[in-house]
Amino acid sequence: MKILGVSAHYHDAAAALLIDGMPVAAVQEERLSRRKNDAAFPLTAIDWCLARAGIEAEELDAVVFYERPMLKFDRILTCALRAFPHSWRSFPHAMKNSLGEKLWVRGIISSQLGVPRRKILFTEHHRSHAAAAFLTAPVHDAAILTADGVGEWAALTVGRGARGPGRTAITLLREIRFPHSLGMLYSTFTAYLGFAVNEGEYKVMGLASYGRPTMADAVRKIVRRTADGAFQLDMDYFDFHTTARRSFSAKFVDLFGPPRDPLDPIDLESAEGQRFADCAASVQSVLEDILVDTAKALHRETGLPDLCLGGGVALNGVANQRLLNESGFERIFVPPAPGDAGCALGAALYADRIHFGNPDRDFPDHPFWGPTIEDGALARLAREDDQPVEELDDSVLIERVARDLAEGRIIGWMDGALELGPRALGHRSILAAPHSIQTRDRINRDIKHREQFRPFAPVVPIEVAERYFEMPPGGRRLARFMSGVFPVRPEWREKLAAVTHVDGTARVQTLERAMAPRLYALLEAYGRRSGIPVLLNTSFNLSGEPIVNRAIEGYLTFRRGGIDVLVAGQTRVTKRATGKSA
Ligand SMILES: [Fe+2]
């Protein structure tokens with residue numbers, strides 16, 4: 001059976017293709033269109049998935065959209081009516097968005113792909129998140145928690161999943177509905193702190209490490225706990241439910257002070273800069289507390305040792321680490337793409353296993369479902385551009401790149417198929433030695449153009465992770481897709497300075513050899529040279545651009561930015577002009 005999953009029209013559109021229950025292709029539209037967070041209907045991604053499998057759209061048995069447009073429309077309409085007349089300006093905007101595209105998804109899919117309407121199915125948004133988290137995890141029974149900004153109505157769900165012959169099911173036990181949303185709470189602070197919503201949430205988490213939760217009581221005033229263990233936002237402090245243009249109200253500003261102007265740099269030495277850091281720390285700590293309490297209750301209720309986490313909130317690695325330490329669950333599984341892009345895969349899996357009742361299959365435990373680097377493409381590009389090219393056997397290449405790293409060079413690393421999800425997990429990465437603050441600053445300044453407070457992540461062979469990082473049992477699994485933040489052991493912090501955050505932590509990736517054998521071999525080779533098999537690993541992209549996909553994008557990024565050496569497959573390219581590289 002051939003099932004295509006699609007997510008679109010909010011942010012991060014994607015397509016995913018399952019054939020006979022197994023994934024064959026999945027990619028975000030932005031990686032192909034080169035528009036960051038591209039939300040457009042992912043025609044290019046769909047075309048690529050079909051081409052990858054060598055099939056035509058007519059051969060699909062089903063196309064599954066990741067949410068129910070009518071329910072979403074119901075929510076937008078209801079909220080607009082509730083807020084009337086306050087909402088009268090934003091109402092036409094909301095209607096236009098819904099009516100223009102979101103509502104007519106079946107028609108769009110049918111006409112664009114030539115698929116009959118009867119083959120087009122819809123899953124609920126949070127069921128897609130739940131399926132993406134649970135049906136990709138190597139567990140047969142688990143509790144499930146999903147949390148994001150909002151889907152149709154639900155913004156947080158708890159439930160349980162079971163899979164196996166004849167018993168695959170996802171049962172959602174309870175939900176918390178819009179506007180009471182942890183994702184919207186965090187996004188409101190993201191906007192207040194002057195960052196772009198749906199993108200700057202990482203920055204709030206990074207900034208939180210520089211502050212103290214001195215305003216946690218104020219945050220608890222605007223997000224109140226309810227007697228049944230849930231929470232409610234006090235909507236007097238928010239505006240996101242009435243207009244798309246503003247998320248916090250005048251009362252919010254009275255409580256927390258003036259918002260940050262996005263154009264002003266954050267000066268952490270100033271009282272104002274510290275206030276923003278404290279604000280970030282405060283919302284972070286309240287978010288963590290709510291998630292921990294919710295997960296504790298779910299653990300008590302289900303009695304299960306494993307938790308699958310989905311939704312954009314599952315990208316909060318600091319919260320995930322607290323969940324692992326405090327919720328009672330022994331293991332936590334976060335997929336590589338817990339956000340809406342991963343819902344394309346989740347929707348397809350939900351349809352396959354649950355709607356059609358197809359046999360349970362173990363999902364391959366890696367994120368590499370996108371386009372593959374074409375052999376020889378990088379060498380051709382570099383030769384045409386008259387730059388030094390070497391094509392080397394793997395063992396020679398790995399040793400050569402390990403030497404580059406030891407000598408302080410910054411490497412653009414492209415290998416195999418592109419990752420699904422926001423994180424570079426070894427196939428489209430910028431790599432560097434982990435000890436040098438100067439290297440970190442150079443990547444921030446010359447390549448990523450990022451704020452100084454943003455940390456970089458380390459990658460380490462899974463077998464030796466605990467030597468360098470303090471990980472509770474279950475930590476190595478949580479770190480498989482960089483989903484947890486853990487303390488760097490104090491004795492290693494200086495030697496791992498480029499990947500240690502100001503609070504002594506790191507968002508570590510624990511790498512198993514089978515998942516990315518060439519990167520694993522590079523870690524070993526670098527370890528033999530330096531004594532520490534750890535590398536700085538950050539996503540291969542320039543600021544504001546999607547992660548590179550093809551050799552040409554890697555090459556242009558290498559030529560424009562401060563990357564010293566570019567590797568794709570067997571090819572190693574350096575820059576003639578800089579004279580830095582051998
Ligand atoms: Fe979502």
# chains A, B, ... in the order shown; residues from 1 in each chain; ligands from 1

$ residues_around --residues "segment 297-305 of chain A" --least-positions-apart "5" --cutoff "7 Å" --atoms "only C-alpha atoms" --output "short mmCIF file (atom, residue, chain, number, x, y, z; two decimals) with N, CA and C atoms, in the first residue's frame"
data_model
loop_
_atom_site.label_atom_id
_atom_site.label_comp_id
_atom_site.auth_asym_id
_atom_site.auth_seq_id
_atom_site.Cartn_x
_atom_site.Cartn_y
_atom_site.Cartn_z
N ALA A 142 3.58 2.63 25.21
CA ALA A 142 4.15 3.84 25.80
C ALA A 142 3.06 4.85 26.08
N ALA A 143 3.33 5.71 27.06
CA ALA A 143 2.47 6.88 27.25
C ALA A 143 2.87 7.90 26.19
N GLY A 328 9.24 10.33 36.36
CA GLY A 328 9.03 8.92 36.70
C GLY A 328 9.19 7.99 35.50
N PHE A 329 9.16 8.53 34.28
CA PHE A 329 9.37 7.68 33.11
C PHE A 329 10.86 7.31 33.02
N GLU A 330 11.11 6.05 32.62
CA GLU A 330 12.50 5.60 32.52
C GLU A 330 13.16 6.05 31.24
N ARG A 331 12.35 6.07 30.17
CA ARG A 331 12.90 6.48 28.87
C ARG A 331 11.93 7.45 28.21
#

$ select_by_dssp --residues "segment 96-308 of chain A" --states "alpha helix (DSSP H)" --output "PyMOL selection string"
chain A and resi 96-100+105-113+125-134+182-192+201-208+216-222+250-256+271-302

$ residues_near_ligand --ligand "ligand 1" --cutoff "9 Å" --atoms "only C-alpha atoms and all ligand atoms" --output "number ranges by chain"
A: 10, 125-126, 128-129, 146-151, 155, 310-313, 338-341, 343

$ residues_around --residues "Pro546 of chain A" --least-positions-apart "5" --cutoff "7 Å" --atoms "only C-alpha atoms" --output "ChimeraX atom specification"
/A:30-31,34-36,541

$ select_by_dssp --residues "segment 63-296 of chain A" --states "strand (DSSP E)" --output "count of residues only"
37

$ closest_residue --among "A:Ile563, A:Ala568, A:Val286, A:Ala497" --to "Gly426 of chain A" --atoms "only C-alpha atoms"
A:Ala568

$ atom_distance --atom1 "atom CA of Lys296 of chain A" --atom2 "atom CA of Gly161 of chain A"
17.0 Å

$ residues_around --residues "Leu291 of chain A" --least-positions-apart "4" --cutoff "8 Å" --atoms "only C-alpha atoms" --output "PDB file with N, CA and C atoms, in the first residue's frame"
ATOM      1  N   LEU A 287       7.091  26.603  32.321  1.00  0.00           N
ATOM      2  CA  LEU A 287       6.787  25.593  31.294  1.00  0.00           C
ATOM      3  C   LEU A 287       7.254  24.209  31.753  1.00  0.00           C
ATOM      4  N   ALA A 295       3.344  15.097  33.026  1.00  0.00           N
ATOM      5  CA  ALA A 295       3.942  13.792  32.743  1.00  0.00           C
ATOM      6  C   ALA A 295       3.903  12.888  33.983  1.00  0.00           C
ATOM      7  N   ALA A 319      13.601  21.276  29.008  1.00  0.00           N
ATOM      8  CA  ALA A 319      12.404  20.695  29.632  1.00  0.00           C
ATOM      9  C   ALA A 319      12.448  19.168  29.542  1.00  0.00           C
ATOM     10  N   LEU A 323      12.026  16.343  32.411  1.00  0.00           N
ATOM     11  CA  LEU A 323      11.013  15.274  32.325  1.00  0.00           C
ATOM     12  C   LEU A 323      11.648  13.917  32.608  1.00  0.00           C
TER      13      LEU A 323
END

$ closest_atom_pairs --of "segment 504-570 of chain A" --to "segment 473-491 of chain A" --cutoff "6 Å" --atoms "only C-alpha atoms" --output "CSV"
residue,atom,partner,partner_atom,distance
A:Gly504,CA,A:Pro487,CA,5.7
A:Thr505,CA,A:Pro487,CA,4.0
A:Ala506,CA,A:Val485,CA,5.4
A:Arg507,CA,A:Val485,CA,4.3
A:Val508,CA,A:Met482,CA,5.7
A:Gln509,CA,A:Met482,CA,4.6
A:Thr510,CA,A:Arg480,CA,5.0

$ write_last_selection --atoms "N, CA and C atoms" --output "compact mmCIF listing (two decimals), in the first residue's frame"
# COMPACT_ATOMS: atom_id res chain seq x y z
N GLY A 504 26.91 25.54 31.93
CA GLY A 504 27.63 24.27 32.08
C GLY A 504 26.95 23.09 31.41
N THR A 505 25.94 23.35 30.58
CA THR A 505 25.22 22.25 29.93
C THR A 505 25.54 22.18 28.45
N ALA A 506 25.04 21.11 27.80
CA ALA A 506 25.22 20.96 26.36
C ALA A 506 24.05 20.15 25.79
N ARG A 507 23.64 20.52 24.59
CA ARG A 507 22.58 19.75 23.90
C ARG A 507 23.28 18.69 23.05
N VAL A 508 23.61 17.61 23.74
CA VAL A 508 24.50 16.61 23.16
C VAL A 508 23.75 15.64 22.25
N GLN A 509 24.42 15.20 21.19
CA GLN A 509 23.93 14.10 20.36
C GLN A 509 24.79 12.88 20.63
N THR A 510 24.14 11.78 21.03
CA THR A 510 24.88 10.53 21.25
C THR A 510 24.75 9.71 19.97

$ decode --residues "segment 35-47 of chain A" --atoms "all heavy atoms" --output "compact mmCIF listing (two decimals), in the first residue's frame"
# COMPACT_ATOMS: atom_id res chain seq x y z
N ARG A 35 13.17 28.24 0.76
CA ARG A 35 12.55 29.31 1.55
C ARG A 35 12.35 28.79 2.96
O ARG A 35 11.58 27.84 3.18
CB ARG A 35 11.19 29.72 0.96
CG ARG A 35 11.30 30.62 -0.26
CD ARG A 35 9.91 31.15 -0.64
NE ARG A 35 9.05 30.07 -1.09
CZ ARG A 35 8.99 29.63 -2.35
NH1 ARG A 35 9.70 30.21 -3.29
NH2 ARG A 35 8.18 28.64 -2.67
N LYS A 36 13.03 29.41 3.94
CA LYS A 36 13.00 28.88 5.31
C LYS A 36 11.58 28.81 5.86
O LYS A 36 10.80 29.74 5.67
CB LYS A 36 13.88 29.74 6.22
CG LYS A 36 14.15 29.09 7.56
CD LYS A 36 15.42 29.63 8.18
CE LYS A 36 15.56 29.19 9.62
NZ LYS A 36 15.88 27.77 9.77
N ASN A 37 11.27 27.71 6.50
CA ASN A 37 9.94 27.46 7.08
C ASN A 37 8.81 27.58 6.05
O ASN A 37 7.71 27.99 6.37
CB ASN A 37 9.66 28.40 8.26
CG ASN A 37 10.66 28.25 9.38
OD1 ASN A 37 11.34 29.19 9.76
ND2 ASN A 37 10.79 27.04 9.91
N ASP A 38 9.10 27.22 4.82
CA ASP A 38 8.11 27.29 3.75
C ASP A 38 6.84 26.52 4.17
O ASP A 38 6.90 25.33 4.45
CB ASP A 38 8.71 26.67 2.47
CG ASP A 38 7.92 27.05 1.24
OD1 ASP A 38 6.77 27.49 1.39
OD2 ASP A 38 8.47 26.91 0.13
N ALA A 39 5.71 27.24 4.20
CA ALA A 39 4.46 26.61 4.62
C ALA A 39 3.56 26.28 3.44
O ALA A 39 2.47 25.73 3.62
CB ALA A 39 3.72 27.54 5.58
N ALA A 40 3.99 26.63 2.23
CA ALA A 40 3.13 26.42 1.05
C ALA A 40 2.84 24.94 0.85
O ALA A 40 3.61 24.07 1.29
CB ALA A 40 3.84 26.97 -0.19
N PHE A 41 1.73 24.66 0.18
CA PHE A 41 1.40 23.27 -0.12
C PHE A 41 2.63 22.62 -0.78
O PHE A 41 3.13 23.13 -1.79
CB PHE A 41 0.17 23.19 -1.03
CG PHE A 41 -0.30 21.80 -1.22
CD1 PHE A 41 -0.99 21.14 -0.21
CD2 PHE A 41 -0.01 21.10 -2.38
CE1 PHE A 41 -1.40 19.83 -0.37
CE2 PHE A 41 -0.42 19.79 -2.55
CZ PHE A 41 -1.11 19.16 -1.54
N PRO A 42 3.15 21.52 -0.21
CA PRO A 42 4.51 21.06 -0.59
C PRO A 42 4.57 20.25 -1.88
O PRO A 42 4.96 19.08 -1.87
CB PRO A 42 4.91 20.22 0.62
CG PRO A 42 3.62 19.65 1.11
CD PRO A 42 2.57 20.70 0.87
N LEU A 43 4.24 20.89 -2.97
CA LEU A 43 4.21 20.18 -4.25
C LEU A 43 5.59 19.64 -4.64
O LEU A 43 5.72 18.53 -5.16
CB LEU A 43 3.73 21.12 -5.35
CG LEU A 43 2.25 21.03 -5.70
CD1 LEU A 43 1.95 21.95 -6.86
CD2 LEU A 43 1.85 19.58 -6.02
N THR A 44 6.62 20.45 -4.38
CA THR A 44 7.97 20.02 -4.74
C THR A 44 8.39 18.81 -3.90
O THR A 44 8.97 17.85 -4.41
CB THR A 44 8.98 21.17 -4.52
OG1 THR A 44 8.36 22.39 -4.93
CG2 THR A 44 10.25 20.96 -5.30
N ALA A 45 8.07 18.87 -2.62
CA ALA A 45 8.41 17.75 -1.72
C ALA A 45 7.64 16.50 -2.14
O ALA A 45 8.18 15.39 -2.13
CB ALA A 45 8.09 18.13 -0.27
N ILE A 46 6.37 16.68 -2.50
CA ILE A 46 5.56 15.53 -2.92
C ILE A 46 6.15 14.92 -4.20
O ILE A 46 6.35 13.70 -4.30
CB ILE A 46 4.09 15.96 -3.16
CG1 ILE A 46 3.44 16.34 -1.82
CG2 ILE A 46 3.30 14.84 -3.85
CD1 ILE A 46 2.08 17.01 -1.95
N ASP A 47 6.46 15.80 -5.17
CA ASP A 47 7.04 15.32 -6.44
C ASP A 47 8.32 14.54 -6.17
O ASP A 47 8.58 13.50 -6.78
CB ASP A 47 7.38 16.51 -7.36
CG ASP A 47 6.15 16.97 -8.11
OD1 ASP A 47 5.13 16.27 -8.06
OD2 ASP A 47 6.21 18.06 -8.73
